$ cat run.tsv   # TSV, N, CA and C atoms
chain	number	residue	atom	x	y	z
A	8	MET	N	-71.58	-44.81	-2.12
A	8	MET	CA	-70.27	-44.82	-1.54
A	8	MET	C	-70.32	-45.36	-0.12
A	9	ARG	N	-71.31	-44.95	0.65
A	9	ARG	CA	-71.45	-45.40	2.02
A	9	ARG	C	-71.73	-46.91	2.07
A	10	LYS	N	-72.53	-47.39	1.13
A	10	LYS	CA	-72.87	-48.81	1.08
A	10	LYS	C	-71.63	-49.66	0.80
A	11	VAL	N	-70.76	-49.17	-0.08
A	11	VAL	CA	-69.53	-49.89	-0.40
A	11	VAL	C	-68.63	-49.96	0.83
A	12	GLY	N	-68.57	-48.87	1.58
A	12	GLY	CA	-67.75	-48.84	2.79
A	12	GLY	C	-68.24	-49.84	3.83
A	13	ILE	N	-69.54	-49.91	4.01
A	13	ILE	CA	-70.12	-50.85	4.99
A	13	ILE	C	-69.86	-52.28	4.56
A	14	ILE	N	-70.04	-52.56	3.27
A	14	ILE	CA	-69.79	-53.92	2.76
A	14	ILE	C	-68.31	-54.27	2.91
A	15	SER	N	-67.43	-53.34	2.61
A	15	SER	CA	-65.99	-53.58	2.75
A	15	SER	C	-65.63	-53.85	4.22
A	16	PHE	N	-66.17	-53.03	5.10
A	16	PHE	CA	-65.91	-53.21	6.53
A	16	PHE	C	-66.39	-54.59	7.00
A	17	ALA	N	-67.59	-54.96	6.61
A	17	ALA	CA	-68.13	-56.27	7.01
A	17	ALA	C	-67.27	-57.39	6.44
A	18	GLY	N	-66.79	-57.23	5.22
A	18	GLY	CA	-65.93	-58.25	4.62
A	18	GLY	C	-64.62	-58.40	5.37
A	19	ILE	N	-64.02	-57.30	5.75
A	19	ILE	CA	-62.76	-57.34	6.47
A	19	ILE	C	-62.95	-57.98	7.85
A	20	VAL	N	-63.97	-57.56	8.55
A	20	VAL	CA	-64.24	-58.11	9.87
A	20	VAL	C	-64.57	-59.60	9.76
A	21	GLY	N	-65.39	-59.96	8.80
A	21	GLY	CA	-65.75	-61.37	8.60
A	21	GLY	C	-64.54	-62.23	8.27
A	22	THR	N	-63.67	-61.71	7.43
A	22	THR	CA	-62.46	-62.45	7.08
A	22	THR	C	-61.56	-62.61	8.31
A	23	GLY	N	-61.44	-61.57	9.10
A	23	GLY	CA	-60.64	-61.66	10.32
A	23	GLY	C	-61.18	-62.69	11.29
A	24	LEU	N	-62.49	-62.71	11.48
A	24	LEU	CA	-63.09	-63.70	12.38
A	24	LEU	C	-62.92	-65.12	11.84
A	25	LEU	N	-63.11	-65.29	10.55
A	25	LEU	CA	-62.93	-66.61	9.94
A	25	LEU	C	-61.50	-67.09	10.13
A	26	LEU	N	-60.52	-66.23	9.87
A	26	LEU	CA	-59.13	-66.61	10.05
A	26	LEU	C	-58.82	-66.93	11.50
A	27	ARG	N	-59.36	-66.14	12.40
A	27	ARG	CA	-59.10	-66.38	13.82
A	27	ARG	C	-59.60	-67.75	14.26
A	28	TYR	N	-60.79	-68.12	13.83
A	28	TYR	CA	-61.36	-69.39	14.26
A	28	TYR	C	-60.76	-70.58	13.54
A	29	THR	N	-60.18	-70.38	12.38
A	29	THR	CA	-59.59	-71.51	11.67
A	29	THR	C	-58.09	-71.67	11.94
A	30	ILE	N	-57.39	-70.60	12.24
A	30	ILE	CA	-55.94	-70.67	12.41
A	30	ILE	C	-55.53	-70.80	13.87
A	31	VAL	N	-56.13	-70.03	14.75
A	31	VAL	CA	-55.72	-70.01	16.16
A	31	VAL	C	-56.31	-71.22	16.88
A	32	PRO	N	-55.44	-72.09	17.44
A	32	PRO	CA	-55.96	-73.27	18.15
A	32	PRO	C	-56.53	-72.87	19.51
A	33	ASP	N	-57.51	-73.63	19.97
A	33	ASP	CA	-58.03	-73.36	21.31
A	33	ASP	C	-57.16	-74.09	22.33
A	34	GLU	N	-57.44	-73.90	23.59
A	34	GLU	CA	-56.59	-74.44	24.66
A	34	GLU	C	-56.55	-75.96	24.62
A	35	GLU	N	-57.67	-76.61	24.34
A	35	GLU	CA	-57.71	-78.07	24.30
A	35	GLU	C	-56.82	-78.63	23.20
A	36	LYS	N	-56.85	-78.02	22.02
A	36	LYS	CA	-56.01	-78.49	20.92
A	36	LYS	C	-54.54	-78.32	21.25
A	37	MET	N	-54.20	-77.21	21.89
A	37	MET	CA	-52.81	-76.99	22.26
A	37	MET	C	-52.35	-78.00	23.30
A	38	LEU	N	-53.20	-78.30	24.27
A	38	LEU	CA	-52.83	-79.27	25.30
A	38	LEU	C	-52.65	-80.66	24.72
A	39	ARG	N	-53.49	-81.04	23.77
A	39	ARG	CA	-53.35	-82.37	23.14
A	39	ARG	C	-52.05	-82.49	22.37
A	40	SER	N	-51.55	-81.37	21.84
A	40	SER	CA	-50.32	-81.42	21.05
A	40	SER	C	-49.07	-81.44	21.92
A	41	LEU	N	-49.18	-81.18	23.22
A	41	LEU	CA	-48.02	-81.18	24.11
A	41	LEU	C	-47.64	-82.59	24.52
A	42	SER	N	-46.37	-82.76	24.84
A	42	SER	CA	-45.91	-84.05	25.37
A	42	SER	C	-46.46	-84.21	26.79
A	43	PRO	N	-46.53	-85.44	27.29
A	43	PRO	CA	-47.07	-85.64	28.64
A	43	PRO	C	-46.28	-84.89	29.72
A	44	GLU	N	-44.96	-84.80	29.57
A	44	GLU	CA	-44.15	-84.09	30.57
A	44	GLU	C	-44.49	-82.59	30.55
A	45	THR	N	-44.57	-82.03	29.35
A	45	THR	CA	-44.88	-80.61	29.23
A	45	THR	C	-46.29	-80.32	29.71
A	46	ARG	N	-47.22	-81.23	29.44
A	46	ARG	CA	-48.59	-81.06	29.90
A	46	ARG	C	-48.65	-81.07	31.42
A	47	ALA	N	-47.87	-81.94	32.07
A	47	ALA	CA	-47.85	-81.99	33.54
A	47	ALA	C	-47.30	-80.69	34.11
A	48	ILE	N	-46.25	-80.15	33.48
A	48	ILE	CA	-45.70	-78.86	33.93
A	48	ILE	C	-46.74	-77.76	33.76
A	49	TYR	N	-47.42	-77.76	32.64
A	49	TYR	CA	-48.46	-76.76	32.38
A	49	TYR	C	-49.55	-76.83	33.45
A	50	GLU	N	-50.03	-78.02	33.74
A	50	GLU	CA	-51.10	-78.17	34.73
A	50	GLU	C	-50.63	-77.73	36.11
A	51	ARG	N	-49.40	-78.06	36.47
A	51	ARG	CA	-48.87	-77.66	37.78
A	51	ARG	C	-48.77	-76.13	37.87
A	52	ASN	N	-48.27	-75.51	36.81
A	52	ASN	CA	-48.14	-74.05	36.80
A	52	ASN	C	-49.49	-73.37	36.70
A	53	LYS	N	-50.48	-74.03	36.12
A	53	LYS	CA	-51.82	-73.45	35.99
A	53	LYS	C	-52.42	-73.19	37.36
A	54	VAL	N	-52.22	-74.11	38.28
A	54	VAL	CA	-52.74	-73.95	39.64
A	54	VAL	C	-52.05	-72.75	40.31
A	55	GLN	N	-50.74	-72.65	40.14
A	55	GLN	CA	-50.00	-71.54	40.74
A	55	GLN	C	-50.44	-70.20	40.15
A	56	ARG	N	-50.62	-70.17	38.82
A	56	ARG	CA	-51.06	-68.92	38.18
A	56	ARG	C	-52.45	-68.54	38.65
A	57	ARG	N	-53.32	-69.51	38.84
A	57	ARG	CA	-54.68	-69.23	39.31
A	57	ARG	C	-54.67	-68.66	40.72
A	58	GLU	N	-53.83	-69.23	41.58
A	58	GLU	CA	-53.73	-68.73	42.95
A	58	GLU	C	-53.19	-67.30	42.96
A	59	GLN	N	-52.19	-67.03	42.12
A	59	GLN	CA	-51.64	-65.69	42.03
A	59	GLN	C	-52.68	-64.70	41.51
A	60	HIS	N	-53.45	-65.12	40.52
A	60	HIS	CA	-54.51	-64.27	39.97
A	60	HIS	C	-55.55	-63.96	41.04
A	61	ASP	N	-55.96	-64.97	41.79
A	61	ASP	CA	-56.95	-64.76	42.84
A	61	ASP	C	-56.44	-63.80	43.91
A	62	LYS	N	-55.15	-63.91	44.25
A	62	LYS	CA	-54.56	-63.03	45.25
A	62	LYS	C	-54.56	-61.58	44.75
A	63	ILE	N	-54.19	-61.39	43.49
A	63	ILE	CA	-54.18	-60.05	42.92
A	63	ILE	C	-55.59	-59.48	42.88
A	64	MET	N	-56.57	-60.29	42.51
A	64	MET	CA	-57.96	-59.82	42.46
A	64	MET	C	-58.45	-59.42	43.84
A	65	GLU	N	-58.08	-60.17	44.87
A	65	GLU	CA	-58.47	-59.81	46.23
A	65	GLU	C	-57.88	-58.45	46.61
A	66	GLN	N	-56.61	-58.23	46.25
A	66	GLN	CA	-55.98	-56.95	46.54
A	66	GLN	C	-56.66	-55.81	45.80
A	67	MET	N	-57.06	-56.06	44.56
A	67	MET	CA	-57.74	-55.02	43.78
A	67	MET	C	-59.10	-54.70	44.38
A	68	ILE	N	-59.81	-55.70	44.83
A	68	ILE	CA	-61.12	-55.47	45.44
A	68	ILE	C	-60.97	-54.66	46.72
A	69	GLU	N	-59.97	-55.01	47.54
A	69	GLU	CA	-59.73	-54.25	48.77
A	69	GLU	C	-59.33	-52.81	48.45
A	70	SER	N	-58.49	-52.65	47.43
A	70	SER	CA	-58.05	-51.31	47.04
A	70	SER	C	-59.19	-50.48	46.48
A	71	ALA	N	-60.14	-51.11	45.84
A	71	ALA	CA	-61.27	-50.40	45.25
A	71	ALA	C	-62.18	-49.80	46.32
A	72	LYS	N	-62.13	-50.36	47.51
A	72	LYS	CA	-62.95	-49.84	48.61
A	72	LYS	C	-62.40	-48.54	49.17
A	73	SER	N	-61.14	-48.22	48.84
A	73	SER	CA	-60.49	-47.01	49.35
A	73	SER	C	-60.56	-45.90	48.30
A	74	ASP	N	-60.42	-44.68	48.75
A	74	ASP	CA	-60.40	-43.54	47.84
A	74	ASP	C	-58.99	-43.26	47.31
A	75	GLN	N	-58.00	-43.92	47.87
A	75	GLN	CA	-56.61	-43.70	47.47
A	75	GLN	C	-56.26	-44.56	46.25
A	76	PRO	N	-55.22	-44.15	45.50
A	76	PRO	CA	-54.77	-44.96	44.37
A	76	PRO	C	-54.26	-46.33	44.84
A	77	ILE	N	-54.29	-47.29	43.95
A	77	ILE	CA	-53.93	-48.66	44.31
A	77	ILE	C	-52.49	-48.78	44.79
A	78	TRP	N	-51.58	-47.95	44.25
A	78	TRP	CA	-50.19	-48.06	44.66
A	78	TRP	C	-49.94	-47.51	46.05
A	79	LYS	N	-50.88	-46.73	46.58
A	79	LYS	CA	-50.74	-46.24	47.95
A	79	LYS	C	-51.43	-47.16	48.94
A	80	VAL	N	-52.42	-47.90	48.49
A	80	VAL	CA	-53.20	-48.77	49.36
A	80	VAL	C	-52.55	-50.14	49.49
A	81	GLY	N	-51.79	-50.55	48.48
A	81	GLY	CA	-51.22	-51.90	48.40
A	81	GLY	C	-50.54	-52.36	49.66
A	82	SER	N	-50.46	-53.67	49.82
A	82	SER	CA	-49.91	-54.25	51.04
A	82	SER	C	-48.39	-54.24	51.04
A	83	GLY	N	-47.77	-53.89	49.92
A	83	GLY	CA	-46.32	-53.86	49.86
A	83	GLY	C	-45.71	-55.18	49.45
A	84	ASN	N	-46.52	-56.20	49.22
A	84	ASN	CA	-46.04	-57.50	48.78
A	84	ASN	C	-46.03	-57.56	47.27
A	85	SER	N	-45.17	-56.79	46.66
A	85	SER	CA	-45.09	-56.72	45.21
A	85	SER	C	-44.26	-57.87	44.67
A	86	THR	N	-44.60	-58.32	43.47
A	86	THR	CA	-43.82	-59.36	42.80
A	86	THR	C	-42.70	-58.75	42.00
A	87	ASP	N	-42.64	-57.43	41.92
A	87	ASP	CA	-41.58	-56.75	41.20
A	87	ASP	C	-40.30	-56.77	42.01
A	88	SER	N	-39.18	-56.62	41.30
A	88	SER	CA	-37.90	-56.50	41.99
A	88	SER	C	-37.62	-55.05	42.33
A	89	LYS	N	-38.51	-54.14	41.94
A	89	LYS	CA	-38.33	-52.70	42.15
A	89	LYS	C	-38.81	-52.24	43.51
A	90	SER	N	-39.43	-53.07	44.30
A	90	SER	CA	-40.00	-52.62	45.57
A	90	SER	C	-38.98	-52.42	46.62
$ encode --input "run.tsv" --output "structure tokens"
Amino acid sequence: MRKVGIISFAGIVGTGLLLRYTIVPDEEKMLRSLSPETRAIYERNKVQRREQHDKIMEQMIESAKSDQPIWKVGSGNSTDSKS
């Protein structure tokens, strides 16, 4: 019974991985399928998203140095409209 369970589990996981790699396109395939205008917008926004990500990571690193929770240490420059 245990052997059947392990084989079934491996089959399910293997099928999931196979489907993921055959159905889900990678970033390069998606970019090739975009129109040139949309690709230019994507590239322009990619730089902005990267800068925003780097800024958030810097804030997290600074907050990690403190013993207080991140919401108390934060600089107050939230991107939320709730601040």
$ atom_distance --input "run.tsv" --atom1 "CA of Ser73 in chain A" --atom2 "atom N of Gln55 in chain A"
28.9 Å
$ select_by_dssp --input "run.tsv" --residues "chain A" --states "helix (DSSP H, G or I)" --output "JSON, numbers by chain"
{"A": [9, 10, 11, 12, 13, 14, 15, 16, 17, 18, 19, 20, 21, 22, 23, 24, 25, 26, 27, 28, 29, 30, 34, 35, 36, 37, 38, 39, 40, 43, 44, 45, 46, 47, 48, 49, 50, 51, 52, 53, 54, 55, 56, 57, 58, 59, 60, 61, 62, 63, 64, 65, 66, 67, 68, 69, 70, 71, 77, 78, 79, 80]}
$ atom_distance --input "run.tsv" --atom1 "atom N of Val11 in chain A" --atom2 "CA of Gly23 in chain A"
19.1 Å
$ atom_distance --input "run.tsv" --atom1 "atom C of Trp78 in chain A" --atom2 "atom C of Ile63 in chain A"
13.6 Å
$ residues_around --input "run.tsv" --residues "Met67 in chain A" --least-positions-apart "3" --cutoff "12 Å" --atoms "only C-alpha atoms" --output "NGL selection string"
:A and (60-64 or 70-73 or 75-82)
